[in-house]
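Undergrad: My structure is below; once you've seen it, I'll send some questions.
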Amino acid sequence: EPALIFDLGGKFDKSFNEAAHMGGQRWSEETGGTYKELEMQSEAQREQALRRLAETGANPIVMTGFAFGEVLNKIAPDYPDTKFSIIDTIVDQPNVQSVVFTEEQGSYLAGVMAAMASETGTVGFIGGMDIPLIHKFECGFAQGFKATNPEGRVLINYTGTTPAAWNDPVKGGELTRAQKSQGADVIYAAAGGTGIGVLQTAADEGILSIGVDSNQNHLHPGQVLTSMVKRVDNAVFDAFTAGEDLAPGVTVMDLAADGVVVAIDENNQELVTDEMQAAIDTATEAITSGQIAVHDYMTDNTCPVQ
Amino acid sequence: MDFATIIQILDSAVRLMTPLLLACLAGLYSERAGVFDIGLEGKMLMAAFTAASVAYATGSAWLGLCAGVAGSLALSLIHGLASVTFRGNQLISGVAINFLASGLTVLLGQKIFGLGGRTPSLTGQGRFGEITLPFANALRDVPFIGPIYADLISGHSILVYVAFLMVPLTWWVLFRTRFGLRLRAVGENPASVDTAGVSVTRLRFAAIAICGILCGMAGAYLATGLSAGFVKEMTAGRGFIALAALIFAKWRPVSALFATFLFGLLEAIANRYPNLDLGVITIPSMFMNALPYILTVIILAGFVGRAIPPRAGGEPYVKER
Amino acid sequence: MTHAGDMPGGRPDEAAPAAIELRGISKAFGPVQANKDISLRVPKGTIHGIIGENGAGKSTLMSILYGFYKPDAGEILVNGTSLTVTDSQTAIRAGIGMVFQHFKLVQNFTVLENVILGAEDGPLLRPSLARARGVLKQLAAEYELNVDPDEVIEELSVGHQQRVEILKALYRQADILILDEPTGVLTPAEADHLFRILRGLKDEGKTIILITHKLREIMAITDNVSVMRRGEMVGSVQTAQTSPEELAELMVGRKVLLNVGKTPARPGAPVLEIRDLTLVDEDGVERLRGIDLDIRAGEILGIAGVSGNGQTQLLEILGGYPEKGSTVSGRLSLNGRELPLGGRGCDGAERRRQGIGHIPEDRQSEGLIMDFTAWENTAFGYHHAPECNRGPLMDNAAILADAEAKMERFDIRPRNAHLAARNFSGGNQQKIVVAREIERNPDLLLIGQPTRGVDIGAIEFIHRRIVELRDAGKAVLLVSVELDEILSLSDRIAVMFDGRIMGERLPGQTTTGELGLLMAGISDTENTPDSAGIPPETKHVEDLSPQGPA
Amino acid sequence: MDRMPKWADVILTPLISLLLAMAISALVILAIGESPREALAVMVEGALGSSYGWGFTLYYTTNFIFTGLAVMVAYHASLFNIGGEGQAAMGGLGVALVLLHLPLPHWSLALPAAMLGAALFGAAWALIPAVLQARRGSHIVITTIMFNFIAAAALNYVLVNMLRPVGSMDPASARFPASAQLPKLSDMALGLGFEWGRNTPVNISLFVAIAACVLVWLLIWRTRLGYEIRALGRSEPGALYAGISPVRIVVITMLISGGLAGLMAINNVMGEAERLVLNAVEGAGFIGIAVALMGRNHPLGVFLAALLFGFLYQGGGELALWTSIPRELIVVIQALVILFTGALDNMVRMPLERIFMAIRQRRA
Ligand SMILES: Nc1ncnc2c1ncn2[C@@H]1O[C@H](COP(=O)(O)OP(=O)(O)OP(=O)(O)O)[C@@H](O)[C@H]1O
Ligand SMILES: Nc1ncnc2c1ncn2[C@@H]1O[C@H](COP(=O)(O)OP(=O)(O)OP(=O)(O)O)[C@@H](O)[C@H]1O
Ligand SMILES: [Mg+2]
Ligand SMILES: [Mg+2]
């Protein structure tokens with residue numbers, strides 16, 4: 001029986017934990033199988049939860065979030081017969097599959113779309129807590145935008161420095177207004193629950209927004225330009241499907257592997273012009289072929305644009 | 001920084017200060033009556049949840065507001081029971097209320113909506129819309145006054161205007177009415193009120209109830225005015241900031257207006273200038289985010305003298321030991 | 001039950017209609033039986049005194065009458081009709097007004113606001129305030145109760161605060177006025193003034209109940225007097241039929257010496273020399289203006305003066321803690337050693353180490369930590385002393401043993417060192433402070449208002465201890481607003497007015513009249529005694545009882 | 001002179017209050033459609049049913065003891081230190097800096113060094129609010145709240161930009177050297193020849209915490225400094241009269257309080273995570289307020305209350321982990337426990353007092 005462990009944000013975090021949850025649900029609907037699901041209470045529980053699951057025979061065990069990296073590295077050798085899959089960071093152990101996403105690539109596409117949709121030439125990025133992972137989104141977005149509109153401007157805000165930064169839609173809304181008043185007319189939110197406020201306010205103010213992690217286009221049909229979807233659900237689904245035969249090593253969920261996509265569905269079809277679609281296709285092509293190398297913020301903690 | 005930017009920042013400050021102002025005035029009534037309240041945060045949170053839930057269920061923001069007030073009042077009642085009727089420790093009661101709201105909102109939200117404590121997004125009449133004051137559009141082009149009226153003063157939710165009206169109203173109630181006189185007296189020396197033949201318990205409960213109503217409005221504004229629904233922990237520490245503003249304002253209504261405005265303004269500025277580029281160094285966003293708090297400390301240390309709380313504050317009124 | 005009949009002297013007039021009648025009132029605070037089956041009858045239009053030791057239950061009884069406490073049993077009749085007093089509102093409506101021992105005023109309200117609190121005319125303040133202003137003016141004219149209606153209470157002297165309390169009662173048209181130890185904090189002049197007012201009220205047909213520890217006042221102004229002891233009513237008697245000695249014995253249950261017998265002082269070398277001591281407070285007001293004083297070993301120097309003329313500041317400086325924000329200049333030397341007036345080395349602990357003991361004016365906020373136990377309080381201020389410590393820790397066993405010994409020697413009741421200070425009556429609280437400071441055998445003892453609110457048994461005891469200390473060759477500085485106390489204890493008297501020493505006198509060679517003039521700032525003419533021409537005792541009797549039944 | 005025997009006040013009242021809190025919690029559980037009996041069973045079993053559960057319970061207890069003591073010490077001086085959260089976070093930074101920059105060969109050397117770092121950083125974070133309160137009268141409640149936010153920002157900055165190993169996603173410091181690993185209780189048990197609490201994070205810090213309880217008790221009730229702290233807390237004019245300097249006491253008390261809060265880091269940062277992570281304190285600073293108040297500001301009470309909260313934390317964690325009950329239930333239970341034992345205690349005490357008075361009267 002497989003198991004899924006969510007990070008502290010909880011499975012309804014409107015972000016990648018929720019996406020993982022969706023993946024698990026989809027697997028159980030399609031296969032009729034059951035799986036165990038755990039939500040963390042505290043930092044100290046990470047190890048506890050992993051060990052307890054491993055001891056109860058769950059296999060494979062999938063966990064979301066880089067914060068599990070250290071702990072997994074420590075305990076994986078204790079359970080050589082159990083397969084682990086960790087999302088968002090790399091753990092080098094023989095029984096661990098590390099799934100990483102190229103958020104910078106997906107964000108690059110979002111940047112391209114934002115540049116084309118923007119009439120003012122100014123777009124915004126609103127991040128949750130100021131941590132490196134979110135800078136990865138920001139940097140990819142800025143690269144895509146600048147590549148399309150070198151003269152344009154990207155406004156950048158982070159919500160805060162405490163975990164409350166992920167759950168403050170009011171502040172998200174206010175930041176949206178602040179960015180709009182500086183000319184932004186497309187705003188990309190990578191901020192969990194705070195993003196809900198961003199999307200809402202953007203819709204209220206009549207500007208476009210871009211969702212993140214899961215497909216949020218439906219939240220405000222016709223007003224969300226797209227969502228930069230991280231197919232965490234696929235990663236979970238695949239891991240569950242592979243079961244005990246899960247292949248260890250690093251799995252890169254990139255644009256080519258459909259690991260990151262910009263969602264286009266009936267809710268935003270009208271916003272995506274043919275030109276835009278063409279630009280997306282070109283950029284996708286260029287990235288997958290290696291023609292364009294989207295810089296990953298994580299490699300050197302810097303961003304080439306701005 | 002041009003004029004339009006200043007207007008925009010002020011406009012943002014007004015929105016950001018409104019929940020603080022309502023909560024601050026709420027605390028003012030309670031603490032002026034001698035009942036400390038560090039549970040403002042919890043009451044706002046509970047109100048935000050009940051308001052969003054009912055607004056969603058009924059599609060009416062006004063019913064949501066009523067529910068928000070009711071939710072907050074329920075917690076007020078607990079605070080009153082603990083700190084007045086049973087003469088318990090007011091601080092502990094406040095801490096408990098914060099925990100209770102934090103847990104119950106998610107628990108109930110999950111039970112009812114199954115969205116992990118979130119409520120579904122509100123639309124249409126479920127939210128308080130922005131009100132355009134008369135002539136706002138006509139006056140917009142008048143230089144200077146126009147933008148101030150049309151962009152800064154007009155175009156807020158009704159609760160913003162209510163909050164601002166509460167300031168003179170609170171002043172009037174406290175300093176010009178019998179109720180206010182007794183309320184202030186009971187926070188300074190409950191025995192003086194008791195020996196004058198007025199019930200200390202009733203007065204304190206009344207103050208706590210008003211506190212609940214105002215916190216309810218603050219919470220409802222967060223969930224149905226500023227955003228479109230409830231998200232867990234969405235008050236994000238605003239209750240504590242309101243408490244700080246209250247002490248900052250030395251428990252006075254007009255000062256409360258300025259104190260909360262200052263907090264709103266600092267946050268609006270930090271929002272507007274996330275990385276301050278000073279040429280030599282760039283101040284990182286973490287510090288811009290912390291700026292309102294740092295400035296508060298500096299202002300407090302530099303310009304505001306000793307804050308003397310209502311003398312009987314924090315102490316239950318005990319006649320017989 | 002004890003009846004008035006047990007008392008010597010005649011009973012109060014049973015035939016006259018009663019304004020108040022209490023029957024079988026009992027009240028317990030937890031395990032403390034504060035009132036036991038008390039009956040009391042107060043005839044209309046009289047002034048009725050109630051006396052009793054600290055903790056006898058006087059305040060409790062009156063608070064029950066006023067509806068502040070609920071009695072466990074008993075009946076209250078006002079003007080002959082039975083009244084269930086559930087809260088103070090019913091008492092007020094029945095025409096009862098009360099001035100509490102500890103004033104119930106809102107410190108940062110104005111006089112006017114305090115007066116109307118609870119008796120407003122309508123939901124808005126303005127009309128109430130306007131009407132009260134008028135009524136106050138009228139009352140002020142009628143009874144000489146002058147206070148500025150717009151002054152904030154905390155700015156007023158205690159005497160004026162008390163006037164506000166009386167005004168509050170009169171504003172509510174009280175016919176029956178209860179005053180709980182009203183003179184405890186008043187200067188003699190203020191007390192005289194109060195009694196004039198009370199007589200005026202009585203003449204108007206109002207009934208007054210007066211609680212006091214001062215037998216002189218009872219003798220001078222009351223018609224009848226009741227005595228309480230340990231929660232019970234020992235009896236009631238017509239004042240004219242009794243004597244202070246008799247009352248004192250009834251109250252305490254033993255013979256009390258009303259006058260300290262003391263031998264003449266044999267002053268030695270100066271212990272403390274004060275030179276040109278000046279203090280300017282935070283607001284720039286000069287509170288002390290060049291004080292020069294010597295206090296010699298083996299003498300008690302009394303400082304007389306109306307409170308607020310710098311005595312508090314003087315004691316604070318000597319005690320090592322001058323008022324916050326003030327500037328002090330001048331010189332102090334103790335046994336020839338210079339004492340710092342500020343900064344390092346100027347604190348209470350250092351002064352104690354130098355041999356200065358201090359019984360502060362306000363025992364509840366300074367002299368004691370009310371929430372500390374009695375034994376902890378006996379080390380307060382001396383907690384650095386070697387005998388209180390063993391190594392890095394405090395020697396609690398030693399402190400406790402010492403405290404229990406002190407409680408025995410000073411007859412502090414209840415004899416339980418583990419009780420919090422706030423659970424002792426005022427007199428016993430004062431004894432804890434006195435025991436602590438006197439038993440350290442300081443070279444110089446500073447004393448502020450040693451017997452404020454303390455019953456006569458305890459006063460006698462405290463006075464004796466002070467004299468003993470002097471006889472052991474120590475110097476004592478006594479500050480008191482009680483002229484009687486000053487006159488009977490001091491070996492030398494200095495009068496303070498407006499931050500200055502107006503003059504020095506010897507107790508045997510002066511009169512209250514002369515002292516009174518000095519206290520009022522009428523300057524030190526030559527050493528001509530008797531400026532008012534009335535010897536001390538007579539002056540008081542004259543003042544207090546023009547009808548003079550005693 | 002008391003209305004009821006001391007044992008009744010100290011044991012009976014909290015016990016009945018606790019039962020009431022549990023009863024209401026059961027109703028809440030029923031209301032969300034779960035079985036309270038089962039929930040209780042999971043909690044008790046998960047927190048106390050095995051050495052494994054105990055291991056976690058005691059780990060959380062250790063955290064709460066430190067923050068509880070911190071609040072308690074300040075409270076005795078009438079200072080309401082809401083800043084435990086920030087002080088503990090800063091303590092973590094102190095531990096991290098010491099352990100990362102000072103290669104010590106053995107934990108017995110690393111522990112005192114880390115304790116020093118933790119206490120110093122925690123105390124330093126309390127120093128500014130303390131000085132502002134003492135000298136400028138700035139209300140310590142506001143300044144400590146503000147310093148919590150500032151600490152979060154500062155830590156965020158330091159972790160992301162300075163302590164984070166290059167290429168790491170995690171805003172966390174590098175792992176501390178292995179020589180700085182604190183012995184776990186489970187290791188000690190093994191050393192004594194039996195197996196106890198395998199893989200639980202409870203470590204030697206628990207003994208440090210218990211020692212801290214004893215020391216704080218000595219400090220408050222047996223030393224001159226403690227005497228002065230309590231005296232100032234009860235009456236400032238009294239303190240001045242007795243020659244106690246309010247400025248000095250306020251500053252010293254807050255330094256001790258901040259130091260105690262900072263010391264928590266040896267448990268969670270050094271003992272458990274073995275590196276500094278962003279949100280290491282996880283609200284323990286706020287729980288400390290409840291622990292101190294419920295513990296009646298006495299170290300023994302703090303210890304017991306910390307144990308209770310440790311139980312709730314671990315039991316609740318288990319509940320959330322292994323049942324479908326949302327983890328927020330435990331927050332509600334905590335709230336009810338705080339409410340009934342801390343704020344509504346008179347609801348139980350008043351009738352009890354009446355009963356005891358009646359018994360006494362009958363005997364008399
Ligand atoms: N509110 C109260 N709660 C508990 N005990 C009280 C209370 N008020 C008074 N007592 C106790 O009741 C007894 C009577 O107190 P009361 O104040 O009536 O004495 P008193 O005669 O007025 O003394 P004093 O002369 O000192 O004013 C004392 O033992 C006192 O400690
Ligand atoms: N407005 C407030 N709301 C909540 N808590 C407060 C407020 N003001 C102060 N507190 C804190 O509550 C705690 C308990 O109050 P308490 O009355 O015992 O102390 P205090 O009022 O600070 O002391 P002091 O009388 O010396 O000023 C205090 O430490 C105080 O800091
Ligand atoms: Mg206080
Ligand atoms: Mg009395």
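Ligands are numbered from 1 in the order shown, residues from 1 within each chain, and chains are lettered A, B, ... in the order they appear in the structure tokens.
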List as a list in words the protein and nucleic acid residues near Glu41 in chain B, meaning an atom at most 7 Å away when only C-alpha atoms are counted, but skip any in the same chain fewer than 2 places from it.

TA: Gly39, Lys43, Met44, Leu45, Asn98, Thr235, Gly237, Arg238, Gly239 and Phe240 of chain B

Undergrad: I need the residues from that last selection saved to file as a PDB file, in the first residue's frame (with N, CA, C and O atoms), if you can.

TA:
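Result file is result25.pdb:
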```
ATOM      1  N   GLY B  39      -7.304  38.668  22.945  1.00  0.00           N
ATOM      2  CA  GLY B  39      -8.026  37.753  22.067  1.00  0.00           C
ATOM      3  C   GLY B  39      -8.627  38.434  20.847  1.00  0.00           C
ATOM      4  O   GLY B  39      -9.473  37.853  20.164  1.00  0.00           O
ATOM      5  N   LYS B  43     -10.995  36.688  17.851  1.00  0.00           N
ATOM      6  CA  LYS B  43     -12.361  37.118  17.545  1.00  0.00           C
ATOM      7  C   LYS B  43     -12.482  37.538  16.095  1.00  0.00           C
ATOM      8  O   LYS B  43     -13.477  37.247  15.426  1.00  0.00           O
ATOM      9  N   MET B  44     -11.474  38.247  15.602  1.00  0.00           N
ATOM     10  CA  MET B  44     -11.507  38.642  14.198  1.00  0.00           C
ATOM     11  C   MET B  44     -11.521  37.419  13.301  1.00  0.00           C
ATOM     12  O   MET B  44     -12.238  37.363  12.304  1.00  0.00           O
ATOM     13  N   LEU B  45     -10.703  36.448  13.684  1.00  0.00           N
ATOM     14  CA  LEU B  45     -10.590  35.254  12.847  1.00  0.00           C
ATOM     15  C   LEU B  45     -11.928  34.518  12.812  1.00  0.00           C
ATOM     16  O   LEU B  45     -12.410  34.120  11.740  1.00  0.00           O
ATOM     17  N   ASN B  98      -7.744  32.862  21.310  1.00  0.00           N
ATOM     18  CA  ASN B  98      -6.973  32.831  20.062  1.00  0.00           C
ATOM     19  C   ASN B  98      -6.794  31.398  19.555  1.00  0.00           C
ATOM     20  O   ASN B  98      -6.967  31.119  18.370  1.00  0.00           O
ATOM     21  N   THR B 235      -6.158  36.255   9.513  1.00  0.00           N
ATOM     22  CA  THR B 235      -5.931  37.515  10.213  1.00  0.00           C
ATOM     23  C   THR B 235      -4.432  37.838  10.307  1.00  0.00           C
ATOM     24  O   THR B 235      -4.066  39.001  10.446  1.00  0.00           O
ATOM     25  N   GLY B 237      -1.973  37.903  12.342  1.00  0.00           N
ATOM     26  CA  GLY B 237      -1.359  38.748  13.366  1.00  0.00           C
ATOM     27  C   GLY B 237      -1.926  40.153  13.483  1.00  0.00           C
ATOM     28  O   GLY B 237      -1.424  40.964  14.250  1.00  0.00           O
ATOM     29  N   ARG B 238      -2.988  40.457  12.732  1.00  0.00           N
ATOM     30  CA  ARG B 238      -3.519  41.829  12.781  1.00  0.00           C
ATOM     31  C   ARG B 238      -4.089  42.177  14.148  1.00  0.00           C
ATOM     32  O   ARG B 238      -4.081  43.336  14.554  1.00  0.00           O
ATOM     33  N   GLY B 239      -4.591  41.166  14.849  1.00  0.00           N
ATOM     34  CA  GLY B 239      -5.122  41.430  16.177  1.00  0.00           C
ATOM     35  C   GLY B 239      -4.035  41.918  17.125  1.00  0.00           C
ATOM     36  O   GLY B 239      -4.267  42.785  17.970  1.00  0.00           O
ATOM     37  N   PHE B 240      -2.847  41.372  16.966  1.00  0.00           N
ATOM     38  CA  PHE B 240      -1.750  41.799  17.838  1.00  0.00           C
ATOM     39  C   PHE B 240      -1.275  43.196  17.464  1.00  0.00           C
ATOM     40  O   PHE B 240      -0.931  43.994  18.324  1.00  0.00           O
TER      41      PHE B 240
END
```

Undergrad: Please write out the residues within 7 Å of ligand 4 as a list of chain:residue names, counting only C-alpha atoms and all ligand atoms.

TA: C:Asn54, C:Gly55, C:Gly57, C:Lys58, C:Ser59, C:Gln101, C:Asp180

Undergrad: Just N, CA and C atoms for this one: save the residues we selected as a PDB file, in the first residue's frame.

TA:
```pdb
ATOM      1  N   ASN C  54      -8.383  47.878  65.236  1.00  0.00           N
ATOM      2  CA  ASN C  54      -8.239  47.525  63.824  1.00  0.00           C
ATOM      3  C   ASN C  54      -8.774  46.124  63.616  1.00  0.00           C
ATOM      4  N   GLY C  55      -9.594  45.978  62.622  1.00  0.00           N
ATOM      5  CA  GLY C  55     -10.089  44.649  62.315  1.00  0.00           C
ATOM      6  C   GLY C  55     -11.271  44.214  63.131  1.00  0.00           C
ATOM      7  N   GLY C  57     -14.248  45.066  62.715  1.00  0.00           N
ATOM      8  CA  GLY C  57     -15.417  44.837  61.860  1.00  0.00           C
ATOM      9  C   GLY C  57     -16.251  46.075  61.630  1.00  0.00           C
ATOM     10  N   LYS C  58     -15.738  47.230  61.975  1.00  0.00           N
ATOM     11  CA  LYS C  58     -16.486  48.480  61.832  1.00  0.00           C
ATOM     12  C   LYS C  58     -16.796  48.766  60.362  1.00  0.00           C
ATOM     13  N   SER C  59     -15.751  48.748  59.549  1.00  0.00           N
ATOM     14  CA  SER C  59     -15.945  49.071  58.137  1.00  0.00           C
ATOM     15  C   SER C  59     -16.889  48.065  57.483  1.00  0.00           C
ATOM     16  N   GLN C 101     -13.461  54.441  54.149  1.00  0.00           N
ATOM     17  CA  GLN C 101     -12.133  54.612  54.726  1.00  0.00           C
ATOM     18  C   GLN C 101     -11.103  54.809  53.613  1.00  0.00           C
ATOM     19  N   ASP C 180     -16.296  56.779  57.510  1.00  0.00           N
ATOM     20  CA  ASP C 180     -15.408  55.752  58.044  1.00  0.00           C
ATOM     21  C   ASP C 180     -14.003  56.340  58.188  1.00  0.00           C
TER      22      ASP C 180
END
```

Undergrad: Give me the chain D side of the contact with ligand 3, cut-off 12 Å, one line per residue showing its nearest atom pair and distance in Å at one decimal, counting only C-alpha atoms and all ligand atoms, sorted by chain and residue number, as JSON lines.

TA:
```
{"residue": "D:Tyr75", "atom": "CA", "partner": "ligand 3", "partner_atom_place_in_ligand_line": "1 (Mg)", "distance": 11.8}
{"residue": "D:Ala77", "atom": "CA", "partner": "ligand 3", "partner_atom_place_in_ligand_line": "1 (Mg)", "distance": 11.3}
{"residue": "D:Ser78", "atom": "CA", "partner": "ligand 3", "partner_atom_place_in_ligand_line": "1 (Mg)", "distance": 8.0}
{"residue": "D:Leu79", "atom": "CA", "partner": "ligand 3", "partner_atom_place_in_ligand_line": "1 (Mg)", "distance": 10.1}
{"residue": "D:Phe80", "atom": "CA", "partner": "ligand 3", "partner_atom_place_in_ligand_line": "1 (Mg)", "distance": 11.1}
{"residue": "D:Leu232", "atom": "CA", "partner": "ligand 3", "partner_atom_place_in_ligand_line": "1 (Mg)", "distance": 11.9}
{"residue": "D:Gly233", "atom": "CA", "partner": "ligand 3", "partner_atom_place_in_ligand_line": "1 (Mg)", "distance": 9.4}
{"residue": "D:Arg234", "atom": "CA", "partner": "ligand 3", "partner_atom_place_in_ligand_line": "1 (Mg)", "distance": 8.9}
{"residue": "D:Ser235", "atom": "CA", "partner": "ligand 3", "partner_atom_place_in_ligand_line": "1 (Mg)", "distance": 9.5}
{"residue": "D:Glu236", "atom": "CA", "partner": "ligand 3", "partner_atom_place_in_ligand_line": "1 (Mg)", "distance": 10.6}
```

Undergrad: Generate the output file for the selected residues, N, CA and C atoms, as a short mmCIF file (atom, residue, chain, number, x, y, z; two decimals), in the first residue's frame.

TA:
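Output saved as result.cif:
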```
data_model
loop_
_atom_site.label_atom_id
_atom_site.label_comp_id
_atom_site.auth_asym_id
_atom_site.auth_seq_id
_atom_site.Cartn_x
_atom_site.Cartn_y
_atom_site.Cartn_z
N TYR D 75 7.15 37.31 34.25
CA TYR D 75 5.86 37.62 34.87
C TYR D 75 6.02 38.01 36.33
N ALA D 77 8.22 39.77 37.53
CA ALA D 77 8.57 41.19 37.60
C ALA D 77 7.47 42.02 36.95
N SER D 78 6.28 41.41 36.75
CA SER D 78 5.17 42.13 36.12
C SER D 78 5.49 42.51 34.67
N LEU D 79 6.33 41.72 34.04
CA LEU D 79 6.64 41.97 32.64
C LEU D 79 6.00 40.86 31.84
N PHE D 80 5.23 41.24 30.83
CA PHE D 80 4.56 40.23 30.04
C PHE D 80 5.37 40.02 28.77
N LEU D 232 9.63 44.01 42.98
CA LEU D 232 9.38 45.01 41.95
C LEU D 232 8.09 44.69 41.21
N GLY D 233 7.87 43.40 40.96
CA GLY D 233 6.67 43.00 40.24
C GLY D 233 5.41 43.37 40.99
N ARG D 234 5.47 43.37 42.31
CA ARG D 234 4.27 43.65 43.09
C ARG D 234 4.10 45.13 43.37
N SER D 235 5.19 45.85 43.53
CA SER D 235 5.05 47.26 43.87
C SER D 235 6.32 48.02 43.54
N GLU D 236 6.21 48.92 42.58
CA GLU D 236 7.39 49.70 42.22
C GLU D 236 7.77 50.71 43.30
#
```

Undergrad: Mind dumping a table of every chain A residue within 9 Å of chain D, with the nearest atom pair and its distance in Å to one decimal, using only C-alpha atoms, sorted by chain and rising number, as CSV?

TA:
```
residue,atom,partner,partner_atom,distance
A:Lys36,CA,D:Trp322,CA,8.8
A:Glu37,CA,D:Leu321,CA,7.9
A:Leu38,CA,D:Leu321,CA,5.2
A:Glu39,CA,D:Leu321,CA,6.1
A:Met40,CA,D:Leu321,CA,7.3
A:Gln41,CA,D:Gly317,CA,5.8
A:Ser42,CA,D:Glu282,CA,7.1
A:Glu43,CA,D:Ala280,CA,7.2
A:Ala44,CA,D:Glu272,CA,7.0
A:Gln45,CA,D:Gly317,CA,7.9
A:Glu47,CA,D:Asn199,CA,8.3
A:Gln48,CA,D:Thr200,CA,7.5
A:Ala49,CA,D:Leu321,CA,7.8
A:Arg51,CA,D:Asn199,CA,8.5
A:Phe66,CA,D:Asp170,CA,6.2
A:Ala67,CA,D:Asp170,CA,6.3
A:Gly69,CA,D:Asp170,CA,8.6
A:Glu70,CA,D:Arg175,CA,8.6
A:Val71,CA,D:Ala273,CA,8.6
A:Asp88,CA,D:Met169,CA,8.2
A:Thr89,CA,D:Met169,CA,7.0
A:Asp130,CA,D:Asn156,CA,7.6
A:Ile131,CA,D:Pro171,CA,6.4
A:Pro132,CA,D:Met169,CA,6.0
A:Leu133,CA,D:Met169,CA,5.9
A:Gly160,CA,D:Ala153,CA,7.9
A:Thr161,CA,D:Ala153,CA,5.2
A:Thr162,CA,D:Ala152,CA,6.1
A:Pro163,CA,D:Asn279,CA,7.8
A:Tyr297,CA,D:Gly167,CA,8.9
A:Met298,CA,D:Gly167,CA,5.3
A:Thr299,CA,D:Gly167,CA,5.3
A:Asp300,CA,D:Gly167,CA,6.8
A:Asn301,CA,D:Gly167,CA,7.6
```

Undergrad: Contacts of Ala265 in chain D at 10 Å or less, counting only C-alpha atoms, minus same-chain residues fewer than 2 places along, as a PyMOL selection string?

TA: chain D and resi 63+66+87-96+114-115+117-119+122+205+260-263+267-273+276+280-281

Undergrad: I need the residue nearest chain D from this list: C:Gly330, C:Gly426, C:Gly357, C:Pro442. Use only C-alpha atoms for the distance.

TA: C:Gly357
